[in-house]
file final_8.cif (mmCIF, C-alpha atoms)
data_coords
#
loop_
_atom_site.label_atom_id
_atom_site.label_comp_id
_atom_site.auth_asym_id
_atom_site.auth_seq_id
_atom_site.Cartn_x
_atom_site.Cartn_y
_atom_site.Cartn_z
CA MET I 241 14.18 3.02 -27.66
CA ILE I 242 10.58 4.16 -27.19
CA GLN I 243 9.45 1.80 -29.93
CA ARG I 244 11.31 -1.10 -28.26
CA PHE I 245 9.71 -0.36 -24.88
CA PHE I 246 6.31 -0.09 -26.53
CA SER I 247 6.82 -3.45 -28.21
CA LEU I 248 7.93 -5.12 -24.95
CA LEU I 249 5.00 -3.69 -23.02
CA ILE I 250 2.49 -4.87 -25.59
CA SER I 251 4.08 -8.33 -25.51
CA LEU I 252 3.62 -8.42 -21.75
CA LEU I 253 0.04 -7.23 -21.88
CA LEU I 254 -0.84 -9.71 -24.58
CA LEU I 255 -0.01 -12.30 -21.95
CA LEU I 256 -2.36 -10.66 -19.48
CA GLY I 257 -5.65 -10.56 -21.34
CA THR I 258 -7.51 -13.71 -20.29
CA ALA I 259 -6.11 -13.67 -16.76
CA ALA I 260 -7.15 -10.05 -16.36
CA ARG I 261 -10.72 -10.94 -17.36
CA ALA I 262 -10.70 -13.96 -15.05
CA GLY I 263 -9.38 -11.98 -12.11
CA LEU I 264 -10.82 -8.62 -13.06
CA THR I 265 -12.86 -6.77 -10.45
CA ARG I 266 -14.97 -3.88 -11.68
CA SER I 267 -14.18 -1.37 -8.93
CA TYR I 268 -11.52 -0.65 -6.34
CA PRO I 269 -13.97 -0.69 -3.38
CA GLU I 270 -15.30 -4.06 -4.55
CA ALA I 271 -11.74 -5.41 -4.78
CA LEU I 272 -10.93 -4.23 -1.25
CA LYS I 273 -14.07 -5.92 0.06
CA LYS I 274 -13.18 -9.19 -1.66
CA ALA I 275 -9.62 -9.06 -0.30
CA GLY I 276 -10.68 -8.88 3.34
CA HIS I 277 -7.84 -8.98 5.85
CA ASP I 278 -5.38 -11.32 4.19
CA LYS I 279 -5.46 -11.21 0.39
CA PRO I 280 -3.59 -8.77 -1.86
CA VAL I 281 -5.18 -6.61 -4.54
CA ILE I 282 -3.21 -6.00 -7.75
CA LEU I 283 -3.76 -2.63 -9.40
CA PHE I 284 -2.76 -2.16 -13.02
CA CYS I 285 -2.45 1.62 -13.45
CA TYR I 286 -1.80 3.18 -16.82
CA GLY I 287 -1.82 6.60 -18.48
CA ALA I 288 -5.15 6.47 -20.26
CA ASN I 289 -5.23 9.66 -22.30
CA PHE I 290 -1.74 11.08 -22.42
CA ASP I 291 0.49 8.43 -23.98
CA LYS I 292 0.14 5.78 -26.68
CA VAL I 293 1.73 3.11 -24.49
CA GLY I 294 -0.98 3.58 -21.88
CA LYS I 295 -3.81 3.36 -24.43
CA ALA I 296 -2.28 0.28 -26.03
CA ALA I 297 -1.88 -1.28 -22.57
CA TYR I 298 -5.58 -0.86 -21.89
CA ASP I 299 -6.56 -2.35 -25.25
CA ALA I 300 -4.23 -5.32 -24.76
CA ILE I 301 -5.54 -6.14 -21.29
CA MET I 302 -9.17 -6.01 -22.32
CA SER I 303 -9.02 -7.91 -25.61
CA ASN I 304 -6.09 -10.32 -25.92
CA LYS I 305 -5.15 -13.80 -24.75
CA ASN I 306 -2.52 -14.62 -22.18
CA ARG I 307 -0.11 -17.43 -21.47
CA GLU I 308 2.00 -17.83 -18.35
CA PHE I 309 0.76 -14.73 -16.53
CA MET I 310 -2.68 -16.31 -16.32
CA ARG I 311 -1.46 -18.67 -13.63
CA ILE I 312 -0.45 -15.66 -11.55
CA LEU I 313 -3.30 -13.23 -12.03
CA ASN I 314 -6.05 -15.81 -12.17
CA LYS I 315 -5.45 -16.46 -8.48
CA GLU I 316 -5.51 -12.79 -7.49
CA ILE I 317 -7.96 -9.89 -7.19
CA TYR I 318 -7.17 -7.53 -10.01
CA VAL I 319 -8.31 -4.00 -10.96
CA VAL I 320 -7.56 -1.97 -14.09
CA ILE I 321 -7.27 1.75 -13.29
CA PRO I 322 -7.01 4.38 -16.04
CA VAL I 323 -5.14 7.49 -14.91
CA TYR I 324 -6.24 10.58 -16.82
CA GLN I 325 -4.35 13.82 -17.32
CA LEU I 326 -6.67 16.85 -17.26
CA PRO I 327 -9.74 14.58 -17.45
CA ASN I 328 -12.98 15.69 -19.06
CA GLU I 329 -16.37 14.98 -17.47
CA LYS I 330 -16.66 11.51 -19.00
CA GLU I 331 -13.15 10.56 -17.85
CA GLN I 332 -13.81 11.93 -14.38
CA ALA I 333 -16.97 9.83 -14.18
CA GLU I 334 -15.08 6.69 -15.30
CA PHE I 335 -12.35 7.20 -12.71
CA LYS I 336 -14.94 7.80 -9.99
CA ARG I 337 -16.85 4.66 -11.01
CA ILE I 338 -13.72 2.57 -10.56
CA MET I 339 -12.23 4.29 -7.51
CA GLY I 340 -15.36 5.36 -5.63
CA LYS I 341 -14.34 7.77 -2.89
CA HIS I 342 -10.79 6.42 -2.83
CA ARG I 343 -7.71 8.00 -4.33
CA LEU I 344 -4.75 6.15 -5.79
CA PRO I 345 -2.55 4.88 -2.97
CA ASP I 346 0.61 6.82 -2.19
CA GLY I 347 3.69 5.01 -3.44
CA ILE I 348 2.77 4.84 -7.12
CA TRP I 349 5.11 7.13 -9.05
CA SER I 350 5.27 5.69 -12.56
CA TYR I 351 2.85 4.44 -15.22
CA PRO I 352 2.18 1.81 -16.37
CA CYS I 353 2.73 -0.16 -13.17
CA PHE I 354 1.48 -3.05 -11.08
CA ALA I 355 0.86 -2.03 -7.48
CA ILE I 356 -0.14 -4.24 -4.56
CA VAL I 357 -2.42 -3.04 -1.78
CA ASP I 358 -4.10 -4.91 1.07
CA GLY I 359 -7.79 -5.08 1.86
CA GLN I 360 -7.61 -1.83 3.81
CA GLY I 361 -6.16 0.01 0.80
CA ASN I 362 -2.65 0.29 2.24
CA PHE I 363 0.06 0.48 -0.43
CA ARG I 364 2.40 -2.47 0.12
CA GLY I 365 4.65 -2.47 -2.98
CA ALA I 366 4.82 -2.03 -6.75
CA VAL I 367 6.46 -3.19 -9.94
CA GLN I 368 7.21 0.13 -11.60
CA SER I 369 10.92 0.80 -12.04
CA ALA I 370 12.48 0.83 -15.50
CA THR I 371 14.45 -2.32 -14.66
CA GLN I 372 11.36 -4.19 -13.46
CA MET I 373 9.29 -3.06 -16.44
CA GLU I 374 12.03 -3.82 -18.98
CA ASN I 375 10.31 -6.83 -20.53
CA PRO I 376 7.56 -9.38 -19.80
CA GLN I 377 9.91 -11.75 -18.01
CA THR I 378 11.26 -9.14 -15.59
CA VAL I 379 7.73 -7.96 -14.80
CA GLN I 380 6.56 -11.49 -14.13
CA GLU I 381 9.53 -12.24 -11.88
CA ALA I 382 9.15 -8.98 -9.94
CA LEU I 383 5.40 -9.37 -9.45
CA THR I 384 5.73 -13.03 -8.42
CA LYS I 385 8.33 -12.11 -5.78
CA LEU I 386 6.24 -9.20 -4.53
CA LEU I 387 3.19 -11.44 -4.08
CA SER I 388 5.29 -14.06 -2.30
CA ASP I 389 6.76 -11.45 0.07
CA PHE I 390 3.32 -9.99 0.74
CA ASN I 391 1.99 -13.41 1.77
CA LYS I 392 5.07 -14.05 3.91
CA GLN I 393 4.66 -10.77 5.77
CA GLN I 394 0.91 -11.26 6.21
CA LYS I 395 1.50 -14.71 7.72
CA LEU I 396 4.02 -13.29 10.21
CA LEU I 397 1.70 -10.43 11.14
CA ALA I 398 -1.17 -12.88 11.70
CA GLN I 399 1.04 -15.04 13.91
CA ALA I 400 2.16 -11.96 15.85
CA SER I 401 -1.45 -10.90 16.46
CA HIS I 402 -2.05 -14.20 18.31
CA ALA I 403 1.28 -14.25 20.16
CA SER I 404 2.43 -12.39 23.24
CA GLY I 405 5.55 -11.09 24.92
CA ALA I 406 8.93 -11.79 23.38
CA ASN I 407 7.43 -14.12 20.77
CA LYS I 408 5.13 -11.34 19.51
CA GLU I 409 8.06 -8.92 19.29
CA ARG I 410 10.16 -11.48 17.40
CA LEU I 411 7.41 -12.12 14.87
CA MET I 412 6.88 -8.39 14.35
CA ARG I 413 10.60 -7.90 13.75
CA GLU I 414 10.56 -10.72 11.20
CA ALA I 415 7.54 -9.14 9.48
CA LEU I 416 9.24 -5.75 9.29
CA SER I 417 12.40 -7.39 7.92
CA VAL I 418 10.57 -8.26 4.68
CA THR I 419 11.79 -4.99 3.23
CA SER I 420 10.41 -5.40 -0.30
CA ILE I 421 6.92 -5.02 1.18
CA LYS I 422 5.76 -2.16 3.35
CA PRO I 423 3.98 -3.20 6.54
CA PRO I 424 0.28 -2.32 6.84
CA ASP I 425 0.09 1.45 6.90
CA HIS I 426 -1.62 2.00 10.22
CA GLU I 427 -0.95 5.69 9.61
CA SER I 428 -3.81 5.83 7.10
CA PHE I 429 -6.53 4.92 9.64
CA ASP I 430 -8.76 7.83 10.63
CA PRO I 431 -10.67 6.90 13.81
CA ALA I 432 -12.54 10.23 13.91
CA ASN I 433 -13.32 10.07 10.18
CA ASN I 434 -11.91 13.56 9.73
CA GLY I 435 -9.11 13.15 7.19
CA MET I 436 -6.40 13.01 9.84
CA VAL I 437 -3.49 12.06 7.58
CA GLN I 438 -4.44 14.69 5.02
CA LYS I 439 -4.59 17.36 7.73
CA LEU I 440 -1.24 16.30 9.16
CA GLN I 441 0.44 16.61 5.76
CA LEU I 442 0.00 20.38 5.90
CA MET I 443 1.34 20.78 9.43
CA SER I 444 4.73 21.37 10.98
CA ILE I 445 5.90 19.07 13.75
CA VAL I 446 4.79 21.58 16.40
CA GLU I 447 1.38 22.06 14.78
CA ALA I 448 0.94 18.29 14.42
CA ASN I 449 1.66 17.74 18.12
CA ARG I 450 -0.91 20.36 19.07
CA TYR I 451 -3.48 18.82 16.73
CA ILE I 452 -2.95 15.24 17.93
CA ARG I 453 -3.03 16.17 21.61
CA GLY I 454 -6.17 18.21 21.06
CA THR I 455 -7.81 15.33 19.20
CA LEU I 456 -7.01 12.84 21.95
CA ALA I 457 -8.28 15.24 24.63
CA SER I 458 -11.49 16.14 22.81
CA GLY I 459 -13.02 12.70 22.39
CA THR I 460 -13.51 9.30 23.95
CA PHE I 461 -11.43 6.73 22.11
CA THR I 462 -10.82 3.05 22.67
CA PRO I 463 -7.24 1.96 23.36
CA THR I 464 -6.96 0.67 19.79
CA GLU I 465 -8.21 3.98 18.37
CA ARG I 466 -5.72 5.88 20.53
CA GLN I 467 -2.93 3.68 19.21
CA MET I 468 -4.06 4.31 15.64
CA ILE I 469 -4.05 8.07 16.22
CA MET I 470 -0.52 7.80 17.61
CA ALA I 471 0.49 5.73 14.58
CA ALA I 472 -0.75 8.48 12.26
CA TYR I 473 1.24 11.00 14.26
CA ALA I 474 4.37 8.83 14.24
CA GLY I 475 4.12 8.39 10.47
CA HIS I 476 3.96 12.17 10.02
CA LEU I 477 7.02 12.56 12.23
CA ARG I 478 9.00 9.99 10.22
CA ARG I 479 8.09 11.64 6.92
CA ASN I 480 9.30 14.97 8.29
CA SER I 481 12.59 13.70 9.78
CA ALA I 482 11.63 14.43 13.37
CA PRO I 483 14.27 14.02 16.10
CA VAL I 484 14.85 10.44 17.19
CA ASP I 485 14.00 11.29 20.80
CA LEU I 486 10.54 12.47 19.74
CA LEU I 487 9.95 9.33 17.70
CA ARG I 488 10.99 7.22 20.67
CA ALA I 489 8.56 9.03 22.93
CA VAL I 490 5.64 8.68 20.53
CA TYR I 491 6.20 4.99 19.75
CA THR I 492 6.75 4.25 23.44
CA GLU I 493 3.47 5.97 24.30
CA MET I 494 1.72 4.08 21.51
CA ARG I 495 3.10 0.75 22.74
CA ASN I 496 2.25 1.40 26.38
CA ILE I 497 -1.44 2.07 25.67
CA ASP I 498 -1.82 -1.69 25.10
CA PRO I 499 1.44 -3.63 24.71
CA SER I 500 -0.44 -6.89 24.04
CA SER I 501 -2.29 -5.60 20.95
CA SER I 502 -1.01 -5.84 17.38
CA TYR I 503 -0.49 -2.07 17.43
CA GLY I 504 1.55 -2.40 20.60
CA ALA I 505 3.74 -5.01 18.92
CA TYR I 506 3.97 -2.81 15.82
CA ALA I 507 5.19 0.08 18.00
CA GLU I 508 7.75 -2.18 19.66
CA GLY I 509 9.06 -3.21 16.25
CA ALA I 510 9.09 0.42 15.11
CA LEU I 511 11.20 1.38 18.12
CA GLU I 512 13.82 -1.12 17.01
CA ILE I 513 13.66 -0.35 13.29
CA TRP I 514 13.29 3.44 13.30
CA VAL I 515 14.81 4.45 16.64
CA ASP I 516 17.38 1.94 17.92
CA ALA I 517 18.76 1.21 14.46
CA VAL I 518 19.31 4.93 13.83
CA GLU I 519 21.24 5.22 17.09
CA GLY I 520 23.28 2.11 16.33
CA LYS I 521 21.93 0.05 19.21
#

call {"tool": "encode", "arguments": {"input": "final_8.cif", "output": "structure tokens"}}
result
Amino acid sequence: MIQRFFSLLISLLLLLGTAARAGLTRSYPEALKKAGHDKPVILFCYGANFDKVGKAAYDAIMSNKNREFMRILNKEIYVVIPVYQLPNEKEQAEFKRIMGKHRLPDGIWSYPCFAIVDGQGNFRGAVQSATQMENPQTVQEALTKLLSDFNKQQKLLAQASHASGANKERLMREALSVTSIKPPDHESFDPANNGMVQKLQLMSIVEANRYIRGTLASGTFTPTERQMIMAAYAGHLRRNSAPVDLLRAVYTEMRNIDPSSSYGAYAEGALEIWVDAVEGK
């Protein structure tokens, strides 16, 4: 079984070689910069020093010719990321060269995989399940669909950002209904540049509330920054199964700071998806 999977993976990666070189970007920060606001970044992540499949995957991407996958990857921004287990100094330096100050986006749980992020580094989706990675054809189909859904959601979000009122809310609901792709993770924004999400991860709901309220009271923030802080707080509450009434209060507050902004529309959509839907409304 392992030998069969190894053979299938190598077959897939043999298809990737030329396209990977054509679309290859040397570092993750460079890829994010090239992506801007609208384009996806494809990350190929593999176990570089702890399994033969991962090493063979790297060799295949860097040295072999492709066929059909070229037409997919040649159009995209693409980064190869080796993931090391207990890395030595050289491996640490290589990972840092590629990733800069960034870490791998949350949402990747299996290697090798193809993950999609946006230009802000938000994890949007991945091809990584055993079914998706079964053979070259299933990988190609899954990645093609993921890219298509990403572009569909981005188009809806862009339309929503220029709309208002009921039309904005409708477009946001349509964007959130593309369930194979996560919406932009506004939770990851840190307006005070103080590792807000990382700090929240270690806190209880009560501690998080105290921290967020103290942060908002201790500085002068624009309405957009206040909404982003509330989004980080709301994300922490969702991950920790907070009561629906608390989620409603936080998203309502976030929306009411500036209902006409994209974050206001996002909060309105979140109220429907994560509050009203839970209560069966």

call {"tool": "atom_distance", "arguments": {"input": "final_8.cif", "atom1": "atom CA of I:Val357", "atom2": "atom CA of I:Lys439"}}
result
22.6 Å

call {"tool": "resolve_selection", "arguments": {"input": "final_8.cif", "expression": "the PyMOL selection byres ((chain I and resi 508) around 9)", "output": "list in words"}}
result
Glu409, Met412, Arg413, Tyr491, Thr492, Met494, Arg495, Pro499, Tyr503, Gly504, Ala505, Tyr506, Ala507, Gly509, Ala510, Leu511, Glu512 and Ile513 of chain I

call {"tool": "write_last_selection", "arguments": {"input": "final_8.cif", "atoms": "C-alpha atoms", "output": "mmCIF file, in the coordinates of the input"}}
result
data_model
loop_
_atom_site.group_PDB
_atom_site.id
_atom_site.type_symbol
_atom_site.label_atom_id
_atom_site.label_comp_id
_atom_site.auth_asym_id
_atom_site.auth_seq_id
_atom_site.Cartn_x
_atom_site.Cartn_y
_atom_site.Cartn_z
ATOM 1 C CA GLU I 409 8.060 -8.920 19.290
ATOM 2 C CA MET I 412 6.880 -8.390 14.350
ATOM 3 C CA ARG I 413 10.600 -7.900 13.750
ATOM 4 C CA TYR I 491 6.200 4.990 19.750
ATOM 5 C CA THR I 492 6.750 4.250 23.440
ATOM 6 C CA MET I 494 1.720 4.080 21.510
ATOM 7 C CA ARG I 495 3.100 0.750 22.740
ATOM 8 C CA PRO I 499 1.440 -3.630 24.710
ATOM 9 C CA TYR I 503 -0.490 -2.070 17.430
ATOM 10 C CA GLY I 504 1.550 -2.400 20.600
ATOM 11 C CA ALA I 505 3.740 -5.010 18.920
ATOM 12 C CA TYR I 506 3.970 -2.810 15.820
ATOM 13 C CA ALA I 507 5.190 0.080 18.000
ATOM 14 C CA GLY I 509 9.060 -3.210 16.250
ATOM 15 C CA ALA I 510 9.090 0.420 15.110
ATOM 16 C CA LEU I 511 11.200 1.380 18.120
ATOM 17 C CA GLU I 512 13.820 -1.120 17.010
ATOM 18 C CA ILE I 513 13.660 -0.350 13.290
#

call {"tool": "resolve_selection", "arguments": {"input": "final_8.cif", "expression": "the PyMOL selection byres ((chain I and resi 384-399) around 7)", "output": "short mmCIF file (atom, residue, chain, number, x, y, z; two decimals) with C-alpha atoms, in the coordinates of the input"}}
result
data_model
loop_
_atom_site.label_atom_id
_atom_site.label_comp_id
_atom_site.auth_asym_id
_atom_site.auth_seq_id
_atom_site.Cartn_x
_atom_site.Cartn_y
_atom_site.Cartn_z
CA ASP I 278 -5.38 -11.32 4.19
CA GLN I 380 6.56 -11.49 -14.13
CA GLU I 381 9.53 -12.24 -11.88
CA ALA I 382 9.15 -8.98 -9.94
CA LEU I 383 5.40 -9.37 -9.45
CA ALA I 400 2.16 -11.96 15.85
CA SER I 401 -1.45 -10.90 16.46
CA HIS I 402 -2.05 -14.20 18.31
CA ALA I 403 1.28 -14.25 20.16
CA LEU I 411 7.41 -12.12 14.87
CA MET I 412 6.88 -8.39 14.35
CA ALA I 415 7.54 -9.14 9.48
CA VAL I 418 10.57 -8.26 4.68
CA ILE I 421 6.92 -5.02 1.18
#

call {"tool": "closest_residue", "arguments": {"input": "final_8.cif", "among": "I:Glu493, I:Glu414, I:Glu308, I:Asp358", "to": "I:Ala471", "atoms": "only C-alpha atoms"}}
result
I:Glu493

call {"tool": "atom_distance", "arguments": {"input": "final_8.cif", "atom1": "atom CA of I:Gln325", "atom2": "atom CA of I:Phe284"}}
result
16.6 Å

call {"tool": "resolve_selection", "arguments": {"input": "final_8.cif", "expression": "the PyMOL selection byres ((chain I and resi 368) around 10)", "output": "short mmCIF file (atom, residue, chain, number, x, y, z; two decimals) with C-alpha atoms, in the frame of the given file"}}
result
data_model
loop_
_atom_site.label_atom_id
_atom_site.label_comp_id
_atom_site.auth_asym_id
_atom_site.auth_seq_id
_atom_site.Cartn_x
_atom_site.Cartn_y
_atom_site.Cartn_z
CA CYS I 285 -2.45 1.62 -13.45
CA ILE I 348 2.77 4.84 -7.12
CA TRP I 349 5.11 7.13 -9.05
CA SER I 350 5.27 5.69 -12.56
CA TYR I 351 2.85 4.44 -15.22
CA PRO I 352 2.18 1.81 -16.37
CA CYS I 353 2.73 -0.16 -13.17
CA PHE I 354 1.48 -3.05 -11.08
CA ALA I 355 0.86 -2.03 -7.48
CA GLY I 365 4.65 -2.47 -2.98
CA ALA I 366 4.82 -2.03 -6.75
CA VAL I 367 6.46 -3.19 -9.94
CA SER I 369 10.92 0.80 -12.04
CA ALA I 370 12.48 0.83 -15.50
CA THR I 371 14.45 -2.32 -14.66
CA GLN I 372 11.36 -4.19 -13.46
CA MET I 373 9.29 -3.06 -16.44
CA GLU I 374 12.03 -3.82 -18.98
CA VAL I 379 7.73 -7.96 -14.80
CA ALA I 382 9.15 -8.98 -9.94
CA LEU I 383 5.40 -9.37 -9.45
#

call {"tool": "closest_residue", "arguments": {"input": "final_8.cif", "among": "I:Thr455, I:Asn449, I:Thr378, I:Thr462", "to": "I:Leu487", "atoms": "only C-alpha atoms"}}
result
I:Asn449

call {"tool": "closest_residue", "arguments": {"input": "final_8.cif", "among": "I:Gln377, I:Ser267, I:Asn480, I:Asn328", "to": "I:Ala448", "atoms": "all atoms listed in the file"}}
result
I:Asn480

call {"tool": "axis_aligned_box", "arguments": {"input": "final_8.cif", "around": "stretch 326-336 of chain I", "padding_each_side": "4 Å", "output": "AutoDock Vina command-line options"}}
result
--center_x -11.8 --center_y 11.8 --center_z -14.5 --size_x 18.3 --size_y 18.2 --size_z 17.1

call {"tool": "closest_residue", "arguments": {"input": "final_8.cif", "among": "I:Phe363, I:Ser417, I:Asn496, I:Ile317", "to": "I:Asp346", "atoms": "only C-alpha atoms"}}
result
I:Phe363

call {"tool": "closest_residue", "arguments": {"input": "final_8.cif", "among": "I:Lys315, I:His342, I:Arg364, I:Arg478", "to": "I:Leu264", "atoms": "all atoms listed in the file"}}
result
I:Lys315

call {"tool": "closest_residue", "arguments": {"input": "final_8.cif", "among": "I:Met339, I:Gln441, I:Asp516, I:Gln467", "to": "I:Arg488", "atoms": "all atoms listed in the file"}}
result
I:Asp516
